[in-house]
Each structure stands twice: as structure tokens, then as C-alpha cells.
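Visitor: Below you'll find structure_9.pdb; it's PDB, C-alpha atoms and all ligand atoms.
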ATOM      1  CA  ARG G   1      -4.325  17.838  24.197
ATOM      2  CA  ARG G   2      -6.920  20.377  25.285
ATOM      3  CA  ARG G   3      -5.494  22.853  22.770
ATOM      4  CA  SER G   4      -5.890  20.461  19.872
ATOM      5  CA  ARG G   5      -9.502  19.749  20.805
ATOM      6  CA  ARG G   6     -10.305  23.434  20.879
ATOM      7  CA  HIS G   7      -8.585  23.829  17.518
ATOM      8  CA  ARG G   8     -10.724  21.117  15.969
ATOM      9  CA  ALA G   9     -13.914  22.710  17.249
ATOM     10  CA  SER G  10     -13.111  26.165  15.885
ATOM     11  CA  PRO G  11     -15.367  27.298  13.024
ATOM     12  CA  VAL G  12     -14.101  27.811   9.489
ATOM     13  CA  GLN G  13     -12.354  31.169   9.327
ATOM     14  CA  PRO G  14     -14.508  33.562   7.326
ATOM     15  CA  LEU G  15     -12.832  35.892   4.846
ATOM     16  CA  ARG G  16     -12.675  39.600   5.696
ATOM     17  CA  GLY G  17     -14.681  39.137   8.898
ATOM     18  CA  GLY G  18     -17.458  37.346   7.034
ATOM     19  CA  CYS G  19     -18.209  40.091   4.486
ATOM     20  CA  PRO G  20     -17.328  39.219   0.905
ATOM     21  CA  LEU G  21     -16.067  42.132  -1.141
ATOM     22  CA  SER G  22     -18.243  43.679  -3.836
ATOM     23  CA  CYS G  23     -16.928  45.491  -6.887
ATOM     24  CA  GLU G  24     -18.306  47.292  -9.869
ATOM     25  CA  VAL G  25     -18.269  44.960 -12.898
ATOM     26  CA  CYS G  26     -18.252  46.169 -16.511
ATOM     27  CA  ARG G  27     -16.332  46.031 -19.758
ATOM     28  CA  GLY G  28     -16.679  48.513 -22.547
ATOM     29  CA  SER G  29     -15.021  50.561 -25.215
ATOM     30  CA  GLY G  30     -13.794  53.992 -24.246
ATOM     31  CA  PRO G  31     -11.880  55.319 -21.229
ATOM     32  CA  THR G  32     -14.513  54.329 -18.650
ATOM     33  CA  CYS G  33     -17.494  52.019 -18.174
ATOM     34  CA  SER G  34     -20.187  51.579 -15.589
ATOM     35  CA  GLY G  35     -21.975  48.487 -14.356
ATOM     36  CA  LYS G  36     -23.568  46.842 -11.356
ATOM     37  CA  LEU G  37     -21.922  46.207  -8.034
ATOM     38  CA  LYS G  38     -21.409  42.453  -7.728
ATOM     39  CA  THR G  39     -20.294  40.215  -4.896
ATOM     40  CA  CYS G  40     -16.863  38.737  -5.535
ATOM     41  CA  GLU G  41     -16.365  34.991  -5.645
ATOM     42  CA  ASP G  42     -14.213  33.280  -3.006
ATOM     43  CA  GLY G  43     -10.541  34.180  -3.181
ATOM     44  CA  LYS G  44     -11.060  37.412  -5.115
ATOM     45  CA  ASP G  45     -10.166  40.016  -2.545
ATOM     46  CA  ALA G  46      -9.637  43.119  -4.694
ATOM     47  CA  CYS G  47     -11.478  45.351  -7.137
ATOM     48  CA  VAL G  48      -9.698  46.486 -10.270
ATOM     49  CA  VAL G  49     -10.295  49.212 -12.810
ATOM     50  CA  LEU G  50      -8.100  48.993 -15.914
ATOM     51  CA  VAL G  51      -7.981  51.248 -18.973
ATOM     52  CA  GLY G  52      -6.097  49.831 -21.915
ATOM     53  CA  GLU G  53      -5.135  51.108 -25.303
ATOM     54  CA  SER G  54      -4.192  48.465 -27.808
ATOM     55  CA  ASN G  55      -3.283  47.917 -31.391
ATOM     56  CA  THR G  56      -3.951  44.455 -32.790
ATOM     57  CA  LYS G  57      -2.798  43.926 -36.371
ATOM     58  CA  GLY G  58      -3.033  47.681 -36.776
ATOM     59  CA  GLN G  59      -6.523  47.988 -35.326
ATOM     60  CA  HIS G  60      -6.583  50.567 -32.548
ATOM     61  CA  SER G  61      -8.913  50.448 -29.533
ATOM     62  CA  VAL G  62      -9.381  51.848 -26.034
ATOM     63  CA  ASN G  63     -11.254  49.709 -23.524
ATOM     64  CA  THR G  64     -12.099  49.714 -19.842
ATOM     65  CA  TYR G  65     -12.451  46.701 -17.567
ATOM     66  CA  LYS G  66     -13.788  46.631 -13.997
ATOM     67  CA  ALA G  67     -14.058  43.450 -11.963
ATOM     68  CA  CYS G  68     -13.103  41.462  -8.884
ATOM     69  CA  MET G  69      -9.690  39.822  -8.869
ATOM     70  CA  LYS G  70      -7.065  38.355  -6.570
ATOM     71  CA  PHE G  71      -5.151  41.151  -4.861
ATOM     72  CA  SER G  72      -1.878  39.242  -5.246
ATOM     73  CA  ASP G  73      -2.395  39.143  -9.055
ATOM     74  CA  CYS G  74      -3.361  42.810  -9.283
ATOM     75  CA  TYR G  75      -0.829  45.469 -10.327
ATOM     76  CA  SER G  76      -1.642  49.148  -9.785
ATOM     77  CA  GLY G  77       0.058  51.303 -12.380
ATOM     78  CA  PHE G  78       1.273  51.482 -15.938
ATOM     79  CA  VAL G  79       2.182  48.502 -18.141
ATOM     80  CA  SER G  80       3.338  48.654 -21.746
ATOM     81  CA  THR G  81       4.057  45.750 -24.100
ATOM     82  CA  THR G  82       5.143  45.824 -27.746
ATOM     83  CA  MET G  83       5.306  42.818 -30.067
ATOM     84  CA  SER G  84       5.513  44.832 -33.299
ATOM     85  CA  PRO G  85       4.641  48.377 -34.432
ATOM     86  CA  LYS G  86       1.142  47.088 -35.186
ATOM     87  CA  ASP G  87       0.734  44.919 -32.088
ATOM     88  CA  TYR G  88       1.094  46.596 -28.736
ATOM     89  CA  MET G  89      -0.805  47.352 -25.583
ATOM     90  CA  VAL G  90      -0.532  50.006 -22.889
ATOM     91  CA  SER G  91      -2.634  49.996 -19.755
ATOM     92  CA  ASN G  92      -3.170  51.816 -16.501
ATOM     93  CA  ALA G  93      -4.780  50.007 -13.589
ATOM     94  CA  HIS G  94      -5.834  50.622 -10.018
ATOM     95  CA  CYS G  95      -6.436  47.840  -7.456
ATOM     96  CA  CYS G  96      -8.257  48.459  -4.188
ATOM     97  CA  GLN G  97      -9.908  46.486  -1.423
ATOM     98  CA  SER G  98     -13.133  48.102  -0.259
ATOM     99  CA  ASP G  99     -16.691  47.727  -1.527
ATOM    100  CA  GLY G 100     -17.251  49.590  -4.793
ATOM    101  CA  CYS G 101     -13.787  51.174  -4.682
ATOM    102  CA  ASN G 102     -13.331  50.670  -8.445
ATOM    103  CA  ARG G 103     -16.223  53.000  -9.249
ATOM    104  CA  GLY G 104     -15.325  56.058 -11.228
ATOM    105  CA  SER G 105     -12.485  56.371 -13.682
ATOM    106  CA  ILE G 106      -8.709  56.562 -13.770
ATOM    107  CA  PRO G 107      -6.400  58.428 -16.171
ATOM    108  CA  PRO G 108      -5.853  56.561 -19.446
ATOM    109  CA  PRO G 109      -2.303  55.273 -19.975
ATOM    110  CA  GLN G 110       0.310  57.431 -21.672
ATOM    111  CA  ASN G 111       1.269  55.972 -25.004
ATOM    112  CA  ASN G 112       4.846  56.952 -25.802
ATOM    113  CA  ARG G 113       5.759  55.207 -29.075
ATOM    114  CA  THR G 114       9.284  56.681 -29.299
ATOM    115  CA  GLU G 115      11.821  53.880 -29.817
ATOM    116  CA  ASN G 116      14.393  53.669 -27.023
ATOM    117  CA  GLY G 117      17.078  51.624 -28.824
ATOM    118  CA  LEU G 118      16.384  48.309 -27.055
ATOM    119  CA  GLN G 119      15.133  45.200 -28.831
ATOM    120  CA  CYS G 120      13.573  41.900 -27.803
ATOM    121  CA  PRO G 121      12.793  38.605 -29.545
ATOM    122  CA  ALA G 122       9.196  38.824 -30.693
ATOM    123  CA  CYS G 123       6.367  36.583 -31.812
ATOM    124  CA  ILE G 124       2.622  36.217 -31.513
ATOM    125  CA  ALA G 125       1.303  32.661 -31.661
ATOM    126  CA  PRO G 126      -2.417  32.201 -31.115
ATOM    127  CA  PHE G 127      -3.448  28.602 -30.276
ATOM    128  CA  ARG G 128       0.171  27.656 -29.449
ATOM    129  CA  GLU G 129       2.016  26.915 -26.230
ATOM    130  CA  THR G 130       5.375  28.243 -27.374
ATOM    131  CA  CYS G 131       6.658  30.733 -29.904
ATOM    132  CA  PRO G 132      10.076  31.036 -31.520
ATOM    133  CA  GLY G 133      10.853  34.751 -31.110
ATOM    134  CA  THR G 134      12.661  34.876 -34.428
ATOM    135  CA  GLN G 135      11.487  38.415 -35.137
ATOM    136  CA  ALA G 136      12.744  41.475 -33.268
ATOM    137  CA  ALA G 137      10.536  44.000 -31.523
ATOM    138  CA  ARG G 138      11.799  47.564 -31.113
ATOM    139  CA  CYS G 139      11.064  48.699 -27.579
ATOM    140  CA  VAL G 140       9.439  52.077 -26.989
ATOM    141  CA  GLY G 141       9.109  54.563 -24.132
ATOM    142  CA  ARG G 142       9.876  52.915 -20.772
ATOM    143  CA  GLU G 143      10.001  49.337 -22.091
ATOM    144  CA  THR G 144      13.289  47.963 -20.774
ATOM    145  CA  HIS G 145      12.437  44.275 -20.420
ATOM    146  CA  CYS G 146      11.742  41.283 -22.675
ATOM    147  CA  ILE G 147       8.759  39.101 -21.854
ATOM    148  CA  TYR G 148       7.737  35.606 -22.862
ATOM    149  CA  PHE G 149       4.151  34.989 -21.782
ATOM    150  CA  ALA G 150       2.090  31.900 -22.559
ATOM    151  CA  GLY G 151      -1.095  30.326 -21.297
ATOM    152  CA  ASN G 152      -4.735  30.723 -22.099
ATOM    153  CA  VAL G 153      -6.619  33.791 -23.232
ATOM    154  CA  GLN G 154     -10.312  34.266 -22.728
ATOM    155  CA  ALA G 155     -12.642  36.676 -24.528
ATOM    156  CA  GLY G 156     -16.240  36.077 -23.532
ATOM    157  CA  ILE G 157     -16.882  32.351 -23.977
ATOM    158  CA  PHE G 158     -13.928  31.996 -26.355
ATOM    159  CA  ASN G 159     -10.882  30.449 -24.672
ATOM    160  CA  ALA G 160      -7.663  29.469 -26.443
ATOM    161  CA  LYS G 161      -3.992  28.898 -25.890
ATOM    162  CA  PHE G 162      -1.550  31.636 -26.776
ATOM    163  CA  ALA G 163       2.151  32.408 -26.631
ATOM    164  CA  THR G 164       3.826  35.735 -27.178
ATOM    165  CA  ARG G 165       7.171  37.479 -26.827
ATOM    166  CA  GLY G 166       8.190  41.092 -27.008
ATOM    167  CA  CYS G 167       9.201  44.232 -25.141
ATOM    168  CA  ALA G 168       7.618  45.326 -21.862
ATOM    169  CA  THR G 169       7.959  47.760 -19.013
ATOM    170  CA  GLU G 170       9.525  46.336 -15.858
ATOM    171  CA  SER G 171       6.044  46.482 -14.307
ATOM    172  CA  ALA G 172       5.077  43.493 -16.494
ATOM    173  CA  CYS G 173       7.504  41.393 -14.397
ATOM    174  CA  HIS G 174       5.019  41.550 -11.502
ATOM    175  CA  THR G 175       2.931  39.041 -13.452
ATOM    176  CA  LYS G 176       3.485  35.541 -12.101
ATOM    177  CA  VAL G 177       2.739  32.036 -13.364
ATOM    178  CA  GLY G 178      -0.735  30.985 -12.226
ATOM    179  CA  ALA G 179      -2.052  34.528 -12.294
ATOM    180  CA  GLU G 180      -5.326  35.491 -13.894
ATOM    181  CA  VAL G 181      -4.561  38.841 -15.493
ATOM    182  CA  PRO G 182      -6.960  41.166 -17.264
ATOM    183  CA  SER G 183      -6.072  43.341 -20.206
ATOM    184  CA  ALA G 184      -8.553  45.747 -21.674
ATOM    185  CA  SER G 185     -10.207  43.186 -23.934
ATOM    186  CA  TYR G 186      -9.087  39.773 -22.666
ATOM    187  CA  LEU G 187      -8.455  37.750 -19.565
ATOM    188  CA  TYR G 188      -5.135  35.858 -19.503
ATOM    189  CA  PHE G 189      -4.299  32.740 -17.476
ATOM    190  CA  LEU G 190      -0.543  32.487 -17.405
ATOM    191  CA  ARG G 191       1.428  29.249 -17.436
ATOM    192  CA  ARG G 192       4.625  30.958 -18.463
ATOM    193  CA  ALA G 193       5.685  34.479 -17.452
ATOM    194  CA  ASP G 194       9.373  35.081 -18.172
ATOM    195  CA  CYS G 195      10.660  38.620 -17.820
ATOM    196  CA  LEU G 196      14.291  39.656 -18.280
ATOM    197  CA  PRO G 197      16.117  42.956 -18.795
ATOM    198  CA  ALA G 198      16.471  43.680 -22.509
ATOM    199  CA  PRO G 199      20.030  43.111 -23.773
ATOM    200  CA  GLN G 200      21.998  46.318 -24.248
ATOM    201  CA  PRO G 201      22.626  46.936 -27.929
ATOM    202  CA  PRO G 202      26.325  46.924 -28.894
ATOM    203  CA  GLY G 203      28.096  50.225 -28.321
ATOM    204  CA  ARG G 204      25.498  51.559 -25.952
ATOM    205  CA  ALA G 205      26.674  49.919 -22.729
ATOM    206  CA  GLU G 206      26.896  52.374 -19.855
TER     207      GLU G 206
HETATM  208  C1  LIG G 301       9.253  58.790 -24.619
HETATM  209  O1  LIG G 301      10.199  57.740 -24.682
HETATM  210  C2  LIG G 301      11.500  58.163 -25.065
HETATM  211  C3  LIG G 301      12.360  56.891 -25.210
HETATM  212  O2  LIG G 301      12.442  56.190 -23.999
HETATM  213  C4  LIG G 301      12.051  59.142 -24.041
HETATM  214  O3  LIG G 301      13.340  59.582 -24.442
HETATM  215  C5  LIG G 301      11.087  60.328 -23.897
HETATM  216  O4  LIG G 301      11.529  61.168 -22.860
HETATM  217  C6  LIG G 301       9.679  59.838 -23.587
HETATM  218  N1  LIG G 301       8.745  60.960 -23.609
HETATM  219  C7  LIG G 301       7.898  61.190 -22.607
HETATM  220  C8  LIG G 301       6.968  62.335 -22.792
HETATM  221  O5  LIG G 301       7.856  60.502 -21.588
END
Rewrite the structure of this file - the entire thing - as C-alpha cells.

Guide:
Amino acid sequence: RRRSRRHRASPVQPLRGGCPLSCEVCRGSGPTCSGKLKTCEDGKDACVVLVGESNTKGQHSVNTYKACMKFSDCYSGFVSTTMSPKDYMVSNAHCCQSDGCNRGSIPPPQNNRTENGLQCPACIAPFRETCPGTQAARCVGRETHCIYFAGNVQAGIFNAKFATRGCATESACHTKVGAEVPSASYLYFLRRADCLPAPQPPGRAE
């Protein structure tokens, strides 16, 4: 009985010993950006720096994103996704957990566009919750998995549903439903995050 009374009287547990994390926050074109150090909102316990190279309908861009995010949603390393030869994204990211640790820059991602013989169902469906995957994406470089991601995408104040399928590196499988995941230009809120090994093409089984 005494124990339960003491428990009730205990103060709310502060995060990180009462000090919220602060991270550099910026978004810009090019392989780095710089911005102000900002205090992270509750629940965001990591800083991220991400450099992404993307092609959207054939339009090429390199962008950098620095912000606070949830450590459990943050993946440090290389991710590559390909929906078609004109729609792909490669990124390199670093997550860390001390004040201002995302200052400075990281190496841009390698972009190996050599086809590796694997294929995945592919589609890009803005404003939709599902997408049929009736096209085929040819996987490149280290992309050995097929993804089906859907949810919401945010760019500035613009927020819309999306669904997409294609090839990805195994590292994309770290992304879980409910995660808030940055890319170089957008922020994704995932309601669906399927990730499976790409089927072996006939005659290439090892
Ligand atoms: C690029 O990807 C291809 C296909 O997976 C692979 O054979 C090649 O070694 C890769 N090149 C580099 C530089 O990683």
C-alpha cells in the first residue's frame, strides 16, 4: 500500500533528464544546407541529416533535409527506390541523439543505375490509397526487394494521399507503418509499408 502511494506522488518522468534535444533544421537544394538549431517537439528524440538524389518524371534533383525525428523511425545509411527509369530516389542519412549532432554534411548517396536482373510490380498513384502494380520496375544496384508504400505525403503545407510500388534496397524494409519518414523533398506518413524480397527471375535461381 505504501508503495502505491509513493508511486502516485512521483512526478511526471521528464525526457532525457529534463533536457529536450535540439537539432539543426533546414531544407535546401544541393548536398548540404544550414539552418538554426531548434528545440525538438515531444517524442522526437533524434536529429537527422539526409541527402537525397531523385528523379521525378525525369526531373533530376539533389536535396538536403535536417530536422528532429523519432529515433525509432530514423534509419542511418543508404536507401534506394526505383519505380521507373524516370522515377527513382536514392538517399543517405545519419541519425544521432545529441544537441546539434546533425550539423555539417554527410557523403551524398551513390547512384548505381546498373540493372541487376530483378523486377518488381510498379506504380505511382498520387491522391490514391492503393495502386495496382501492373507495370514492372527493373531493379538497379543493390535493390533486392519490392516495396508497396502508401499513406500521406507532405510538401510544405501541401498534404495528400499517395500509393506507390517498386524496387528498393533491403534498408527500405526498416520503414514501419505509423512512421513519419523524410525523403529529400517530402515527408511521408506511412499507413502501409510492405517489403518483400524480389522474386528471382526464371533461370537465375541460385
Ligand atoms: C552496380 O550495380 C550492379 C548491379 O547490381 C553491380 O553488378 C555493380 O557491381 C555495382 N557497381 C558498383 C560500383 O557498386

Visitor: Residues within 12 Å of ligand LIG 301 (chain G) should be enumerated using only C-alpha atoms and all ligand atoms and returned as JSON, numbers by chain.

Guide: {"G": [80, 109, 110, 111, 112, 113, 114, 115, 116, 117, 118, 138, 139, 140, 141, 142, 143, 144, 169]}

Visitor: Evaluate the PyMOL selection byres (((chain G and resi 189-205) around 7) and not hetatm) on the structure here and hand back the selected residues as a list in words.

Guide: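 Taken over the shown coordinates, the PyMOL selection byres (((chain G and resi 189-205) around 7) and not hetatm) returns Leu118, Gln119, Cys120, Thr144, His145, Cys146, Ile147, Tyr148, Phe149, Ala150, Gly151, Asn152, Val153, Cys173, Thr175, Lys176, Val177, Gly178, Ala179, Glu180, Val181, Leu187, Tyr188 and Glu206 of chain G.
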
Visitor: Evaluate the PyMOL selection byres (((chain G and resi 65) around 8) and not hetatm) against this structure - the residues, as a PyMOL selection string, please.

Guide: chain G and resi 25-28+32-33+48-51+63-64+66-67+182-185

Visitor: Report as a list of chain:residue names the residues that result from applying the PyMOL selection byres (((chain G and resi 122) around 10) and not hetatm) to the structure here.

Guide: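 Here the PyMOL selection byres (((chain G and resi 122) around 10) and not hetatm) matches G:Thr82, G:Met83, G:Ser84, G:Gln119, G:Cys120, G:Pro121, G:Cys123, G:Ile124, G:Cys131, G:Pro132, G:Gly133, G:Thr134, G:Gln135, G:Ala136, G:Ala137, G:Arg138, G:Cys146, G:Ile147, G:Tyr148, G:Thr164, G:Arg165, G:Gly166, G:Cys167.
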
Visitor: Can you work out the spacing between atom CA of Gly104 of chain G and atom CA of Phe71 of chain G in Å, to one decimal?

Guide: 19.1 Å

Visitor: Which distance in Å separates atom CA of Gly30 of chain G and atom CA of Gln154 of chain G, to one decimal?

Guide: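 Answer for the atom CA of Gly30 of chain G to atom CA of Gln154 of chain G separation: 20.1 Å.
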
Visitor: How many Å separate atom CA of Cys47 of chain G from atom CA of Asp87 of chain G?

Guide: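 These atoms are spaced 27.8 Å apart.
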